[in-house]
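Working notes, structure below.
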Amino acid sequence: MSTNLLAVFFSIFLGVSAIWFLIRRFWGALSGFLSSVKNVIVDLYVSKKDFLLSALLMISVAFSVIASGGSKLLDLDTAKAAGLISSMPTDFLRARMREFLAESNFNSSFWIVSLLPGLAGVLNYMAFSYYRRKVSGLSGALKRKSAEIDAVPRVDVDYLFEIELKQWLLALGLDGVVRATVFRDEGVKGKFSCFARYCEDDDYKEKRDYLYDKVGLIAIACKPRVNATHLKLPDPKESNDAYCKYHTQYMGISLEKARGLRMRSRCYIAMPIKDTRKTKNVGVLVLEAISEEGLSAAICTKLEKYGYLTKLSFLMEFAEGLRPKISMLKGHEI
Amino acid sequence: MKSKSALKELMLCILAKYPHPNDMSNSRLTKTVFLCDWKSCLESGAGISGVEWYIDHYGPYVDDVIDLAKSDTDFYVVNVQSEYGKNKNLVGLSGDARCYYHLSVLNEACVDFVIGLTEDKGYDEFINLIYSLYPIVTSSKFGRIDLVKKARDYNALFLD
């Protein structure tokens with residue numbers, strides 16, 4: 001009994017496997033067929049703009065062939081003409097050929113044969129006019145695009161930094177609202193520029209000003225022998241006063257400025273950016289997060305360990321050639 | 001624009017003094033006028049051309065310069081191909097307009113300064129200089145620039 005049951009189960013298993021195998025084969029074949037149909041349709045669609053050109057040229061060639069063949073037919077003697085008429089496969093064609101070769105129809109046949117090359121020429125002209133207009137349209141569009149590209153600076157410093165900061169935030173796995181800002185020492189007293197900034201949230205991405213006072217996190221990060229600063233702030237939703245007071249007490253910024261902060265960050269990381277020879281600070285990297293746990297102290301170690309700060313030092317030097325510090329231009333009185 | 005003749009005098013002076021006439025495209029001339037205005041604002045607190053400057057996607061730009069060059073017979077505008085094969089509008093002086101500009105000594109000194117600063121710069125270097133200027137880096141795109149106010153702020157900055 002159990003042996004029979006086993007055999008039944010085995011048979012069912014084999015049957016199901018075979019059906020499954022067949023379905024898969026059938027599906028594979030069907031997918032291949034659908035894919036090739038799709039390709040043919042796409043090809044037709046992509047090349048459909050050239051149908052007009054191809055059709056005009058083909059009709060023109062056909063007219064030329066018919067004209068040259070027709071003029072030969074008109075020169076045939078009676079015996080050969082009769083042979084040609086009888087060689088036509090159907091009565092209809094035989095009747096048309098007889099009409100064409102008849103002595104009484106010579107004039108109309110002659111004019112048809114003579115006009116066909118002219119018609120072919122007109123069609124050729126139309127085809128090339130269409131082609132020329134198409135090419136000149138494309139050339140104009142290309143020139144306009146080239147002029148636009150030409151007017152853009154070869155290296156867009158803002159874009160370069162923004163994309164770099166964006167990649168870092170992704171690579172560091174910082175989810176939630178985190179903002180990264182690079183402040184640059186512009187060589188003018190008490191000022192740093194907001195050189196680059198990235199935040200996924202557009203509300204916090206915009207720079208309020210270009211020049212920022214050297215206070216708060218910038219000043220803290222620029223203190224001698226400071227490598228990294230990690231701060232956690234009180235919740236502004238619970239007590240806005242406590243939040244602003246923290247800024248005035250520990251970060252040295254005015255109460256008015258603290259109240260006016262657009263991004264109510266709960267944690268900060270500030271790290272000095274040194275030049276590639278590690279001789280002086282050239283800027284400050286500031287990371288901010290809205291969430292209380294948005295930035296851990298371990299991020300500072302990761303920034304050092306994975307070479308992000310070294311890369312930033314390199315980029316800052318590279319950018320200096322493209323966008324000199326304000327002090328440099330001011331030194332040149334411009 | 002405050003006065004069309006102020007811009008014309010400035011353009012005449014720049015074109016008469018610029019040592020590479022075959023290199024003065026509309027874009028370069030417009031930005032040179034901007035530089036002269038900026039330098040004048042730094043020195044005397046007022047611009048020269050009277051143009052109300054606007055920053056578009058490609059830095060300070062207004063059509064006043066090319067419009068004036070096209071409409072005034074003292075200038076000529078020719079469309080030529082750059083060394084990269086692109087079209088550009090070259091602006092120059094008509095033969096008899098070469099020496100007739102009337103600028104104050106201070107304004108002429110600003111033009112001399114700007115030409116001295118930029119004459120050896122290729123277009124890319126020249127554009128980088130423009131894009132690095134205080135009024136450009138501190139202004140947002142697609143808006144007007146108050147050069148006089150910017151010059152006041154800039155003069156208030158001190159080197160570290």
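In the structure tokens, chains take letters A, B, ... by order of appearance, with residues numbered from 1 within each chain and ligands from 1 in the order shown.
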
Within 10 Å of chain A, which residues of chain B are there when counting only C-alpha atoms? Please give them as a PyMOL selection string.
chain B and resi 27+35-36+38-40+42-43+57-59+84-88+113-114+117+123-125+127-134+137-140+151+154-155+157-160

Run DSSP on the backbone and give me the residues of range 5-87 of chain B it puts in strand (DSSP E), as JSON, numbers by chain.
{"B": [54, 55, 56, 59, 60, 75, 76, 77, 78, 79, 80, 81, 87]}

DSSP on the backbone, then: every residue of range 45-260 of chain A marked helix (DSSP H, G or I), written as a PyMOL selection string.
chain A and resi 45-74+78-86+91-101+103-151+157-171+202-205+216-221+240-251+255-259

Write the residues of the preceding selection, restricted to C-alpha atoms, as a compact mmCIF listing (two decimals), in the first residue's frame.
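File written: out-v4.txt
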```txt
# COMPACT_ATOMS: atom_id res chain seq x y z
CA TYR A 45 9.78 53.79 -34.68
CA VAL A 46 13.34 55.11 -34.47
CA SER A 47 13.87 55.06 -38.22
CA LYS A 48 10.37 56.20 -39.20
CA LYS A 49 11.58 59.77 -39.70
CA ASP A 50 13.62 58.54 -42.66
CA PHE A 51 10.65 56.79 -44.35
CA LEU A 52 9.83 59.90 -46.38
CA LEU A 53 13.41 60.24 -47.60
CA SER A 54 13.67 56.52 -48.48
CA ALA A 55 10.26 56.47 -50.20
CA LEU A 56 11.07 59.51 -52.34
CA LEU A 57 14.40 58.06 -53.41
CA MET A 58 12.92 54.62 -54.18
CA ILE A 59 10.09 56.08 -56.29
CA SER A 60 12.64 58.23 -58.08
CA VAL A 61 14.82 55.21 -58.87
CA ALA A 62 11.75 53.23 -60.03
CA PHE A 63 10.74 56.06 -62.37
CA SER A 64 14.25 56.18 -63.84
CA VAL A 65 14.27 52.40 -64.42
CA ILE A 66 10.81 52.42 -65.99
CA ALA A 67 11.74 55.36 -68.22
CA SER A 68 14.90 53.74 -69.52
CA GLY A 69 13.09 50.38 -70.02
CA GLY A 70 10.13 52.09 -71.69
CA SER A 71 12.26 53.94 -74.21
CA LYS A 72 13.89 50.64 -75.21
CA LEU A 73 10.44 49.05 -75.68
CA LEU A 74 9.33 51.80 -78.05
CA THR A 78 6.81 44.26 -84.57
CA ALA A 79 7.96 40.64 -84.19
CA LYS A 80 9.82 41.30 -80.97
CA ALA A 81 6.94 43.42 -79.64
CA ALA A 82 4.52 40.57 -80.30
CA GLY A 83 6.88 38.19 -78.49
CA LEU A 84 7.08 40.52 -75.53
CA ILE A 85 3.29 40.92 -75.34
CA SER A 86 2.76 37.16 -75.40
CA ASP A 91 -4.41 38.99 -69.86
CA PHE A 92 -4.51 42.34 -68.08
CA LEU A 93 -0.75 42.88 -68.45
CA ARG A 94 -0.83 41.66 -72.06
CA ALA A 95 -3.61 44.21 -72.84
CA ARG A 96 -1.63 47.07 -71.15
CA MET A 97 1.55 46.15 -72.99
CA ARG A 98 -0.35 45.96 -76.31
CA GLU A 99 -1.76 49.47 -75.69
CA PHE A 100 1.68 50.80 -74.82
CA LEU A 101 3.38 49.38 -77.89
CA GLU A 103 1.56 52.48 -83.23
CA SER A 104 -1.53 54.65 -82.59
CA ASN A 105 -0.47 55.27 -78.96
CA PHE A 106 3.12 56.12 -79.80
CA ASN A 107 2.85 59.79 -78.84
CA SER A 108 1.31 59.25 -75.37
CA SER A 109 3.74 56.39 -74.61
CA PHE A 110 6.65 58.48 -75.78
CA TRP A 111 5.67 61.39 -73.52
CA ILE A 112 5.15 59.16 -70.51
CA VAL A 113 8.62 57.66 -71.01
CA SER A 114 10.16 61.10 -71.55
CA LEU A 115 8.48 62.71 -68.52
CA LEU A 116 9.40 60.00 -66.05
CA PRO A 117 13.11 61.03 -65.71
CA GLY A 118 11.92 64.60 -65.08
CA LEU A 119 9.58 63.36 -62.35
CA ALA A 120 12.45 61.35 -60.89
CA GLY A 121 14.57 64.53 -60.85
CA VAL A 122 11.82 66.44 -59.01
CA LEU A 123 11.54 63.66 -56.45
CA ASN A 124 15.33 63.67 -55.99
CA TYR A 125 15.22 67.42 -55.44
CA MET A 126 12.44 67.05 -52.84
CA ALA A 127 14.37 64.30 -51.06
CA PHE A 128 17.56 66.33 -50.83
CA SER A 129 15.69 69.51 -49.80
CA TYR A 130 14.14 67.54 -46.97
CA TYR A 131 17.52 66.08 -46.04
CA ARG A 132 19.26 69.48 -46.21
CA ARG A 133 16.62 71.11 -44.01
CA LYS A 134 16.94 68.32 -41.51
CA VAL A 135 20.74 68.60 -41.41
CA SER A 136 20.69 72.40 -41.08
CA GLY A 137 18.11 72.12 -38.27
CA LEU A 138 20.36 69.68 -36.43
CA SER A 139 23.45 71.86 -37.06
CA GLY A 140 21.62 74.87 -35.59
CA ALA A 141 20.63 72.89 -32.50
CA LEU A 142 24.20 71.63 -32.14
CA LYS A 143 25.59 75.18 -32.39
CA ARG A 144 23.19 76.44 -29.73
CA LYS A 145 24.11 73.59 -27.38
CA SER A 146 27.84 74.12 -28.03
CA ALA A 147 27.48 77.82 -27.21
CA GLU A 148 25.71 76.95 -23.97
CA ILE A 149 28.41 74.45 -23.03
CA ASP A 150 31.11 76.98 -23.93
CA ALA A 151 29.66 79.58 -21.62
CA VAL A 157 33.43 74.26 -8.12
CA ASP A 158 30.02 74.45 -6.43
CA TYR A 159 28.77 71.34 -8.20
CA LEU A 160 32.01 69.46 -7.54
CA PHE A 161 31.83 70.04 -3.78
CA GLU A 162 28.12 69.45 -3.55
CA ILE A 163 28.35 66.07 -5.26
CA GLU A 164 31.34 65.15 -3.09
CA LEU A 165 29.52 65.97 0.16
CA LYS A 166 26.45 64.11 -1.04
CA GLN A 167 28.53 60.98 -1.68
CA TRP A 168 30.07 61.20 1.78
CA LEU A 169 26.73 61.41 3.52
CA LEU A 170 25.58 58.37 1.56
CA ALA A 171 28.80 56.44 2.19
CA ASP A 202 16.18 71.84 0.05
CA ASP A 203 14.94 74.04 2.90
CA TYR A 204 18.28 73.69 4.67
CA LYS A 205 20.49 73.57 1.58
CA GLY A 216 30.31 79.30 17.08
CA LEU A 217 31.41 75.98 15.64
CA ILE A 218 33.87 77.62 13.23
CA ALA A 219 35.69 79.28 16.11
CA ILE A 220 35.61 76.12 18.22
CA ALA A 221 37.01 73.97 15.41
CA ASN A 240 13.44 76.80 22.80
CA ASP A 241 15.02 79.00 25.47
CA ALA A 242 17.28 76.20 26.65
CA TYR A 243 18.20 75.46 23.04
CA CYS A 244 19.16 79.10 22.31
CA LYS A 245 20.91 79.45 25.65
CA TYR A 246 23.10 76.48 24.79
CA HIS A 247 24.22 78.29 21.62
CA THR A 248 25.05 81.49 23.51
CA GLN A 249 26.80 79.78 26.41
CA TYR A 250 28.79 77.04 24.74
CA MET A 251 29.16 78.28 21.19
CA LEU A 255 20.86 85.09 21.28
CA GLU A 256 19.37 86.83 18.27
CA LYS A 257 21.32 84.64 15.87
CA ALA A 258 20.48 81.51 17.86
CA ARG A 259 16.78 82.34 17.64
```

Hey, what's within 8 Å of Phe142 in chain B if we count only C-alpha atoms and toss same-chain stuff fewer than 5 positions away? As a ChimeraX atom specification, please?
/B:54-57

For His20 in chain B, which residue out of B:Asp146, B:Asp153, B:Asp74, B:Asp120 is the nearest one, using only C-alpha atoms?
B:Asp120

Show me, as a VMD selection string, the residues that have an atom within 7 Å of Ala180 in chain A when counting only C-alpha atoms, minus same-chain residues fewer than 5 positions from it.
chain A and resid 165 197 to 199 286 to 288

Keeping only N, CA and C atoms, take the residues you just selected and write them out as a PDB file, in the first residue's frame.
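Generated output (result-v5.pdb):
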```pdb
ATOM      1  N   LEU A 165      30.131  66.048  -1.169  1.00  0.00           N
ATOM      2  CA  LEU A 165      29.517  65.975   0.156  1.00  0.00           C
ATOM      3  C   LEU A 165      28.332  65.003   0.151  1.00  0.00           C
ATOM      4  N   ARG A 197      27.938  73.452   0.445  1.00  0.00           N
ATOM      5  CA  ARG A 197      26.927  72.918   1.381  1.00  0.00           C
ATOM      6  C   ARG A 197      26.085  71.879   0.673  1.00  0.00           C
ATOM      7  N   TYR A 198      25.743  70.805   1.406  1.00  0.00           N
ATOM      8  CA  TYR A 198      24.787  69.857   0.847  1.00  0.00           C
ATOM      9  C   TYR A 198      23.833  69.385   1.934  1.00  0.00           C
ATOM     10  N   CYS A 199      22.584  69.328   1.589  1.00  0.00           N
ATOM     11  CA  CYS A 199      21.576  68.727   2.456  1.00  0.00           C
ATOM     12  C   CYS A 199      20.482  68.209   1.538  1.00  0.00           C
ATOM     13  N   VAL A 286      31.518  71.137   8.894  1.00  0.00           N
ATOM     14  CA  VAL A 286      30.468  71.065   9.915  1.00  0.00           C
ATOM     15  C   VAL A 286      29.370  70.122   9.435  1.00  0.00           C
ATOM     16  N   LEU A 287      29.045  69.148  10.284  1.00  0.00           N
ATOM     17  CA  LEU A 287      27.904  68.266  10.006  1.00  0.00           C
ATOM     18  C   LEU A 287      26.839  68.544  11.061  1.00  0.00           C
ATOM     19  N   GLU A 288      25.602  68.602  10.638  1.00  0.00           N
ATOM     20  CA  GLU A 288      24.508  68.846  11.584  1.00  0.00           C
ATOM     21  C   GLU A 288      23.374  67.873  11.299  1.00  0.00           C
TER      22      GLU A 288
END
```

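Interatomic distance, CA of Trp27 in chain A to CA of Val8 in chain A: 28.1 Å.
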
Tell me which of B:Ile115, B:Thr30, B:Met24, B:Val51 sits closest to Tyr76 in chain B, counting only C-alpha atoms.
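Once distances to Tyr76 in chain B are computed over only C-alpha atoms, the minimum belongs to B:Met24.
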
To one decimal in Å, tell me the separation between CA of Arg266 in chain A and CA of Met316 in chain A.
27.9 Å

Write out as an MDAnalysis selection string which residues come within 12 Å of Gly50 in chain B when counting only C-alpha atoms, dropping same-chain ones fewer than 3 positions away.
chainID B and resid 1:10 33:34 36:38 40:41 46:47 53 62 64:65 146:148

Expected file: the selected residues, C-alpha atoms, as a short mmCIF file (atom, residue, chain, number, x, y, z; two decimals), in the first residue's frame:
```cif
data_model
loop_
_atom_site.label_atom_id
_atom_site.label_comp_id
_atom_site.auth_asym_id
_atom_site.auth_seq_id
_atom_site.Cartn_x
_atom_site.Cartn_y
_atom_site.Cartn_z
CA MET B 1 20.51 102.18 -17.46
CA LYS B 2 21.45 105.64 -16.19
CA SER B 3 22.84 107.04 -19.40
CA LYS B 4 23.60 105.49 -22.73
CA SER B 5 26.47 107.88 -23.38
CA ALA B 6 28.30 106.87 -20.17
CA LEU B 7 28.30 103.25 -21.33
CA LYS B 8 29.36 104.30 -24.81
CA GLU B 9 32.29 106.36 -23.50
CA LEU B 10 33.41 103.41 -21.37
CA VAL B 33 32.67 96.76 -18.47
CA PHE B 34 31.48 95.00 -15.30
CA CYS B 36 35.52 98.60 -14.64
CA ASP B 37 32.26 99.37 -12.84
CA TRP B 38 33.33 97.24 -9.88
CA SER B 40 35.22 102.28 -9.90
CA CYS B 41 32.75 101.42 -7.11
CA ALA B 46 30.03 104.86 -7.99
CA GLY B 47 30.00 102.88 -11.22
CA TRP B 53 23.97 94.56 -13.44
CA VAL B 62 23.28 92.43 -19.68
CA ASP B 64 22.99 96.73 -23.13
CA VAL B 65 26.56 96.34 -24.38
CA ASP B 146 23.95 96.52 -6.10
CA LEU B 147 27.63 97.12 -6.83
CA VAL B 148 27.83 100.26 -4.68
#
```

Can you tell me how far CA of Leu261 in chain A sits from CA of Lys232 in chain A, in Å to one decimal?
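The value is 16.0 Å.
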